[in-house]
Amino acid sequence: MDSLAAALWAGLHLRTVLLGAAVFLLLANFLKRRHPKNYPPGPPGLPFFGNFFLLDFEQSHLAIQPYVKKYGNLLSLDFGQMRSVIISGLALIKEALVNQDQNFVDRPVMPLRGHFFKTNGLVMSNGQVWKEQRRFALMTLRNFGLGKKTLEERIQEEAHYLVQEIEKEEAQPFDPHFKINNAVSNIICSVTFGERFEYQDDQFQELLRLLDDVTCLETSLWCQLYNVIPRIMDFLPGPHKKLFKYWDKMKLFVAHMIENHKKDWDPDKPRDFIDAYLKEMEKHGDDATSSFNEESLIFCTLDLFFAGTETTSTTLRWALLYMALNPDIQEKVHAEIDRVLGQSQQPGMAFRDSMPYTYAAVHEVQRMGNIIPMNVPRAVSTPTTLAGYHLPKGTMILTNLTALHKDPKVWATPDKFNPEHFLENGQFKKKESFLPFSIGKRVCLGEQLARTELFIFFTSLMQKFTFKPPDNEQLSLKFRMGLTISPVTYRICAVPRT
Ligand code: HEM
Ligand SMILES: *[C@@H]1O[C@H](CO)[C@@H](O)[C@H](O)[C@H]1NC(C)=O
């Protein structure tokens, strides 16, 4: 009897405590969750979680459509403690990212990213750190051949290796994923590490797989929950722990590369980004306020490696799919290549203007692929007013690029792959509503590199192969949601053209 009473009492006690805690949390949260005056409207959310469960983690860029219709071009959503506003429409996106660029230049500080990157790196850093690191990265990328013949030649050489690698498949069905990843990654690796990796290098292939897993893991429900309740999630096992482990492995790889560089480092002869960075660190030596230190080097290199690999290769994987699914369009690309380059000339940027159809096809792949549908999140850096609404500092800002890329007022056939969208009287035509690299002060740092890579890799592959679905297999446009939208695993046949 005694022990029963004790158990009951303990149970009751526990329930009281829990109940009290829950009420306290809700109350504290209710007070916090109230929006400031004149804040953009949005759907009501749950206490604590806000609109978290509106996110459809399989296809988060599609789930909110009814609310945009109801609330308009500035829509507020709360994810836990994080207040976010979604901006739609070209005019308003440009008002924020271009005209008011100083007010929207930050990235949100999110627990999941913060846990690993702290305030380091290029992609998620803010303030003085971001300014210094971005300026240095841009300058160094230029010094190592961005926009010059040298880097273009590197891309041409790599495209040649990729063609050779694909020829080995002898027109049989194969999954092009990691061959393309490897080729694309080798370009940024040449810049950051001063070397490329063989397609047979098991260690590097494993790294590429880690990178691919991270892309997918990071936006999963479980990992995003970390952004809402980090302190609780810290105690729980699950995919977020796997994510941290994978990031750690990639960090270790970069750290190892840096150690190797130090062994034969010659400050007068920088070979690559790491060498140049080591020199910059020395220059700032005793300056405690400088953001150039070894930790920062690791994270900047990791950012370049990650951002420079995943995006461009995903786009190329979409390109092969769209070609195989649209043989008539593929034929037109082939015809232009045969006319301008033939089989023997190496594709290069000098030919771009005389190849409007191919150039338009690459743009159309990016429009339809739409791999970063809501842009990379920004944050309000200075309290400001947009479309008459007040936005406090720290508000997360998402811009709906999908709406631009699928706007029926801009594109003749918004849902159909059609290079004519970028052509007028046979000439290439730029479109204002095409913003895959975003716009403004934080525009993609690798835009020029990516454009060169896309054109040369795409043209080189199309020069040598016809891409077809395997016999009795259907190719689909099904996608996988992650940091980027990528095609689900597919097999394809690359039939040599000669
Ligand atoms: C098809 C390829 C690519 C696409 C679609 C793409 C797209 C984007 C987008 C949308 C952003 C966010 C910009 C913003 O906040 O306004 C971004 C940022 C960034 N991208 Fe790319 N990107 C591509 C390739 C590359 C490559 C090859 C590199 C390698 C150098 C790179 C490096 C970066 C970096 C470092 C940032 C962060 C910039 C910052 O926060 O200041 N990207 N990219
Ligand atoms: C973004 O725009 C697309 C296309 O108009 C729409 O379907 C989608 O719901 C929008 N998403 C958000 C989150 O605003």
# chains A, B, ... in the order shown; residues from 1 in each chain; ligands from 1
>>> select_by_dssp(residues="region 80-239 of chain A", states="helix (DSSP H, G or I)", output="PyMOL selection string")
chain A and resi 90-99+101-104+111-117+127-143+149-167+177-192+202-217+221-228+230-233+239
>>> residues_around(residues="Val98 (chain A)", least_positions_apart="6", cutoff="8 Å", atoms="only C-alpha atoms", output="list in words")
Ile439, Gly440 and Lys441 of chain A
>>> write_last_selection(atoms="N, CA and C atoms", output="compact mmCIF listing (two decimals), in the first residue's frame")
# COMPACT_ATOMS: atom_id res chain seq x y z
N ILE A 439 20.07 38.05 -56.74
CA ILE A 439 20.39 39.40 -57.19
C ILE A 439 20.79 40.22 -55.98
N GLY A 440 21.52 41.31 -56.20
CA GLY A 440 21.87 42.21 -55.10
C GLY A 440 23.22 41.87 -54.47
N LYS A 441 23.47 42.47 -53.31
CA LYS A 441 24.78 42.40 -52.67
C LYS A 441 25.23 40.99 -52.31
>>> closest_atom_pairs(of="chain A", to="ligand 1", cutoff="8 Å", atoms="only C-alpha atoms and all ligand atoms", output="tab-separated table")
residue	atom	partner	partner_atom_place_in_ligand_line	distance
A:Leu97	CA	ligand 1	16 (O)	7.4
A:Val105	CA	ligand 1	15 (O)	8.0
A:Arg107	CA	ligand 1	40 (O)	7.5
A:Leu122	CA	ligand 1	35 (C)	5.4
A:Val123	CA	ligand 1	40 (O)	3.9
A:Met124	CA	ligand 1	40 (O)	6.1
A:Ser125	CA	ligand 1	40 (O)	7.2
A:Trp130	CA	ligand 1	41 (O)	7.0
A:Arg134	CA	ligand 1	41 (O)	6.1
A:Leu141	CA	ligand 1	30 (C)	7.9
A:Ile188	CA	ligand 1	29 (C)	6.6
A:Cys300	CA	ligand 1	35 (C)	7.9
A:Asp303	CA	ligand 1	35 (C)	6.0
A:Leu304	CA	ligand 1	29 (C)	5.1
A:Phe305	CA	ligand 1	29 (C)	7.0
A:Phe306	CA	ligand 1	29 (C)	7.9
A:Ala307	CA	ligand 1	31 (C)	4.6
A:Gly308	CA	ligand 1	27 (C)	3.6
A:Thr309	CA	ligand 1	27 (C)	6.4
A:Glu310	CA	ligand 1	24 (C)	7.8
A:Thr311	CA	ligand 1	2 (C)	4.4
A:Thr312	CA	ligand 1	1 (C)	4.0
A:Ser313	CA	ligand 1	1 (C)	7.5
A:Thr314	CA	ligand 1	1 (C)	7.6
A:Thr315	CA	ligand 1	1 (C)	5.8
A:Gln366	CA	ligand 1	1 (C)	7.2
A:Asn370	CA	ligand 1	5 (C)	7.8
A:Ile371	CA	ligand 1	5 (C)	6.5
A:Ile372	CA	ligand 1	10 (C)	6.0
A:Asn375	CA	ligand 1	10 (C)	4.8
A:Val376	CA	ligand 1	12 (C)	4.6
A:Pro377	CA	ligand 1	15 (O)	6.3
A:Arg378	CA	ligand 1	15 (O)	6.1
A:Leu435	CA	ligand 1	10 (C)	7.7
A:Pro436	CA	ligand 1	5 (C)	4.9
A:Phe437	CA	ligand 1	7 (C)	4.1
A:Ser438	CA	ligand 1	16 (O)	4.5
A:Ile439	CA	ligand 1	16 (O)	5.3
A:Gly440	CA	ligand 1	16 (O)	6.3
A:Lys441	CA	ligand 1	16 (O)	7.1
A:Arg442	CA	ligand 1	41 (O)	4.3
A:Val443	CA	ligand 1	16 (O)	4.0
A:Cys444	CA	ligand 1	17 (C)	3.5
A:Leu445	CA	ligand 1	33 (C)	4.5
A:Gly446	CA	ligand 1	28 (C)	3.6
A:Glu447	CA	ligand 1	24 (C)	5.7
A:Gln448	CA	ligand 1	27 (C)	7.9
A:Leu449	CA	ligand 1	27 (C)	5.5
A:Ala450	CA	ligand 1	27 (C)	4.3
A:Arg451	CA	ligand 1	1 (C)	7.1
A:Glu453	CA	ligand 1	27 (C)	7.8
A:Leu454	CA	ligand 1	1 (C)	7.2
>>> closest_residue(among="A:Ala183, A:Leu401, A:Val495, A:Ala96", to="ligand 2", atoms="only C-alpha atoms and all ligand atoms")
A:Leu401
>>> residues_around(residues="region 323-338 of chain A", least_positions_apart="2", cutoff="6 Å", atoms="only C-alpha atoms", output="count of residues only")
8
>>> residues_around(residues="Pro347 (chain A)", least_positions_apart="5", cutoff="10 Å", atoms="only C-alpha atoms", output="list in words")
Gln156, Ala159, Ile337, Val340, Leu341, Gly342, Arg352, Phe455, Ile456, Phe457, Phe458, Thr459, Ser460, Leu461 and Gln463 of chain A
>>> write_last_selection(atoms="all heavy atoms", output="compact mmCIF listing (two decimals), in the first residue's frame")
# COMPACT_ATOMS: atom_id res chain seq x y z
N GLN A 156 37.44 23.02 -69.70
CA GLN A 156 37.46 22.27 -70.97
C GLN A 156 38.16 20.92 -70.79
O GLN A 156 37.68 19.89 -71.27
CB GLN A 156 38.18 23.08 -72.05
CG GLN A 156 37.37 24.27 -72.54
CD GLN A 156 38.16 25.18 -73.45
OE1 GLN A 156 39.37 25.35 -73.29
NE2 GLN A 156 37.47 25.78 -74.42
N ALA A 159 35.90 18.65 -68.84
CA ALA A 159 34.78 18.20 -69.68
C ALA A 159 35.24 17.05 -70.57
O ALA A 159 34.51 16.08 -70.80
CB ALA A 159 34.26 19.35 -70.53
N ILE A 337 25.39 22.74 -82.67
CA ILE A 337 26.77 22.36 -82.35
C ILE A 337 27.49 21.89 -83.61
O ILE A 337 28.62 22.28 -83.88
CB ILE A 337 26.78 21.27 -81.26
CG1 ILE A 337 26.35 21.86 -79.92
CG2 ILE A 337 28.17 20.63 -81.14
CD1 ILE A 337 26.18 20.85 -78.80
N VAL A 340 28.32 25.02 -85.76
CA VAL A 340 29.30 25.99 -85.25
C VAL A 340 30.63 25.33 -84.85
O VAL A 340 31.70 25.87 -85.12
CB VAL A 340 28.71 26.76 -84.04
CG1 VAL A 340 29.72 27.76 -83.48
CG2 VAL A 340 27.43 27.48 -84.45
N LEU A 341 30.55 24.17 -84.21
CA LEU A 341 31.77 23.55 -83.67
C LEU A 341 32.23 22.34 -84.47
O LEU A 341 33.43 22.08 -84.56
CB LEU A 341 31.52 23.07 -82.22
CG LEU A 341 31.25 24.11 -81.16
CD1 LEU A 341 30.87 23.40 -79.86
CD2 LEU A 341 32.47 24.99 -80.95
N GLY A 342 31.29 21.59 -85.01
CA GLY A 342 31.63 20.29 -85.59
C GLY A 342 32.04 19.34 -84.49
O GLY A 342 31.71 19.55 -83.31
N ARG A 352 29.89 31.22 -77.51
CA ARG A 352 28.57 31.37 -76.91
C ARG A 352 27.62 32.22 -77.76
O ARG A 352 26.48 31.86 -77.97
CB ARG A 352 28.71 31.98 -75.51
CG ARG A 352 27.52 31.75 -74.63
CD ARG A 352 27.71 32.40 -73.30
NE ARG A 352 27.79 33.84 -73.43
CZ ARG A 352 28.08 34.66 -72.42
NH1 ARG A 352 28.35 34.17 -71.23
NH2 ARG A 352 28.12 35.96 -72.61
N PHE A 455 27.81 26.05 -69.40
CA PHE A 455 27.86 26.12 -70.86
C PHE A 455 28.86 25.12 -71.43
O PHE A 455 28.56 24.38 -72.36
CB PHE A 455 28.21 27.54 -71.32
CG PHE A 455 28.15 27.69 -72.82
CD1 PHE A 455 26.93 27.74 -73.48
CD2 PHE A 455 29.31 27.76 -73.57
CE1 PHE A 455 26.86 27.85 -74.87
CE2 PHE A 455 29.26 27.87 -74.96
CZ PHE A 455 28.03 27.92 -75.61
N ILE A 456 30.05 25.07 -70.84
CA ILE A 456 31.08 24.19 -71.42
C ILE A 456 30.78 22.72 -71.18
O ILE A 456 30.88 21.90 -72.09
CB ILE A 456 32.48 24.59 -70.88
CG1 ILE A 456 32.83 25.98 -71.42
CG2 ILE A 456 33.53 23.57 -71.30
CD1 ILE A 456 34.17 26.51 -70.98
N PHE A 457 30.37 22.36 -69.96
CA PHE A 457 30.04 20.95 -69.70
C PHE A 457 28.87 20.49 -70.57
O PHE A 457 28.90 19.44 -71.20
CB PHE A 457 29.71 20.72 -68.22
CG PHE A 457 30.91 20.54 -67.35
CD1 PHE A 457 31.15 21.37 -66.27
CD2 PHE A 457 31.82 19.51 -67.59
CE1 PHE A 457 32.27 21.20 -65.45
CE2 PHE A 457 32.94 19.33 -66.79
CZ PHE A 457 33.16 20.18 -65.71
N PHE A 458 27.82 21.30 -70.60
CA PHE A 458 26.62 20.93 -71.36
C PHE A 458 26.97 20.76 -72.84
O PHE A 458 26.64 19.75 -73.46
CB PHE A 458 25.52 21.99 -71.18
CG PHE A 458 24.27 21.70 -71.95
CD1 PHE A 458 23.41 20.67 -71.57
CD2 PHE A 458 23.93 22.46 -73.08
CE1 PHE A 458 22.25 20.40 -72.28
CE2 PHE A 458 22.77 22.19 -73.81
CZ PHE A 458 21.93 21.17 -73.40
N THR A 459 27.64 21.76 -73.41
CA THR A 459 27.96 21.72 -74.83
C THR A 459 28.89 20.54 -75.15
O THR A 459 28.72 19.87 -76.17
CB THR A 459 28.58 23.05 -75.28
OG1 THR A 459 27.77 24.12 -74.78
CG2 THR A 459 28.64 23.16 -76.78
N SER A 460 29.86 20.29 -74.27
CA SER A 460 30.78 19.18 -74.51
C SER A 460 30.05 17.84 -74.52
O SER A 460 30.33 16.97 -75.36
CB SER A 460 31.87 19.14 -73.44
OG SER A 460 32.56 20.36 -73.40
N LEU A 461 29.13 17.66 -73.58
CA LEU A 461 28.38 16.40 -73.52
C LEU A 461 27.48 16.25 -74.75
O LEU A 461 27.38 15.18 -75.35
CB LEU A 461 27.54 16.33 -72.24
CG LEU A 461 28.35 16.18 -70.94
CD1 LEU A 461 27.43 16.28 -69.72
CD2 LEU A 461 29.09 14.84 -70.93
N GLN A 463 27.91 17.61 -77.63
CA GLN A 463 28.71 17.45 -78.84
C GLN A 463 29.00 15.97 -79.10
O GLN A 463 29.00 15.51 -80.24
CB GLN A 463 30.02 18.22 -78.67
CG GLN A 463 30.93 18.21 -79.90
CD GLN A 463 32.25 18.92 -79.63
OE1 GLN A 463 32.79 18.88 -78.51
NE2 GLN A 463 32.77 19.61 -80.63
>>> decode(residues="region 438-467 of chain A", atoms="C-alpha atoms", output="PDB file, in the first residue's frame")
ATOM      1  CA  SER A 438      19.478  35.710 -57.060  1.00  0.00           C
ATOM      2  CA  ILE A 439      20.389  39.396 -57.194  1.00  0.00           C
ATOM      3  CA  GLY A 440      21.874  42.210 -55.097  1.00  0.00           C
ATOM      4  CA  LYS A 441      24.778  42.399 -52.669  1.00  0.00           C
ATOM      5  CA  ARG A 442      24.648  38.730 -51.664  1.00  0.00           C
ATOM      6  CA  VAL A 443      24.077  37.411 -55.179  1.00  0.00           C
ATOM      7  CA  CYS A 444      25.693  34.013 -55.811  1.00  0.00           C
ATOM      8  CA  LEU A 445      29.423  34.479 -55.476  1.00  0.00           C
ATOM      9  CA  GLY A 446      30.078  31.797 -58.075  1.00  0.00           C
ATOM     10  CA  GLU A 447      27.621  32.982 -60.744  1.00  0.00           C
ATOM     11  CA  GLN A 448      30.232  33.615 -63.405  1.00  0.00           C
ATOM     12  CA  LEU A 449      32.035  30.366 -62.669  1.00  0.00           C
ATOM     13  CA  ALA A 450      28.769  28.426 -62.700  1.00  0.00           C
ATOM     14  CA  ARG A 451      27.672  29.936 -66.023  1.00  0.00           C
ATOM     15  CA  THR A 452      30.993  29.016 -67.627  1.00  0.00           C
ATOM     16  CA  GLU A 453      30.836  25.492 -66.198  1.00  0.00           C
ATOM     17  CA  LEU A 454      27.245  24.946 -67.300  1.00  0.00           C
ATOM     18  CA  PHE A 455      27.862  26.122 -70.862  1.00  0.00           C
ATOM     19  CA  ILE A 456      31.084  24.194 -71.418  1.00  0.00           C
ATOM     20  CA  PHE A 457      30.040  20.951 -69.701  1.00  0.00           C
ATOM     21  CA  PHE A 458      26.621  20.929 -71.365  1.00  0.00           C
ATOM     22  CA  THR A 459      27.958  21.716 -74.831  1.00  0.00           C
ATOM     23  CA  SER A 460      30.784  19.179 -74.514  1.00  0.00           C
ATOM     24  CA  LEU A 461      28.377  16.396 -73.521  1.00  0.00           C
ATOM     25  CA  MET A 462      25.927  17.291 -76.277  1.00  0.00           C
ATOM     26  CA  GLN A 463      28.710  17.449 -78.844  1.00  0.00           C
ATOM     27  CA  LYS A 464      29.656  13.849 -78.171  1.00  0.00           C
ATOM     28  CA  PHE A 465      26.439  12.088 -77.123  1.00  0.00           C
ATOM     29  CA  THR A 466      22.729  11.680 -77.732  1.00  0.00           C
ATOM     30  CA  PHE A 467      20.968  11.146 -74.410  1.00  0.00           C
TER      31      PHE A 467
END
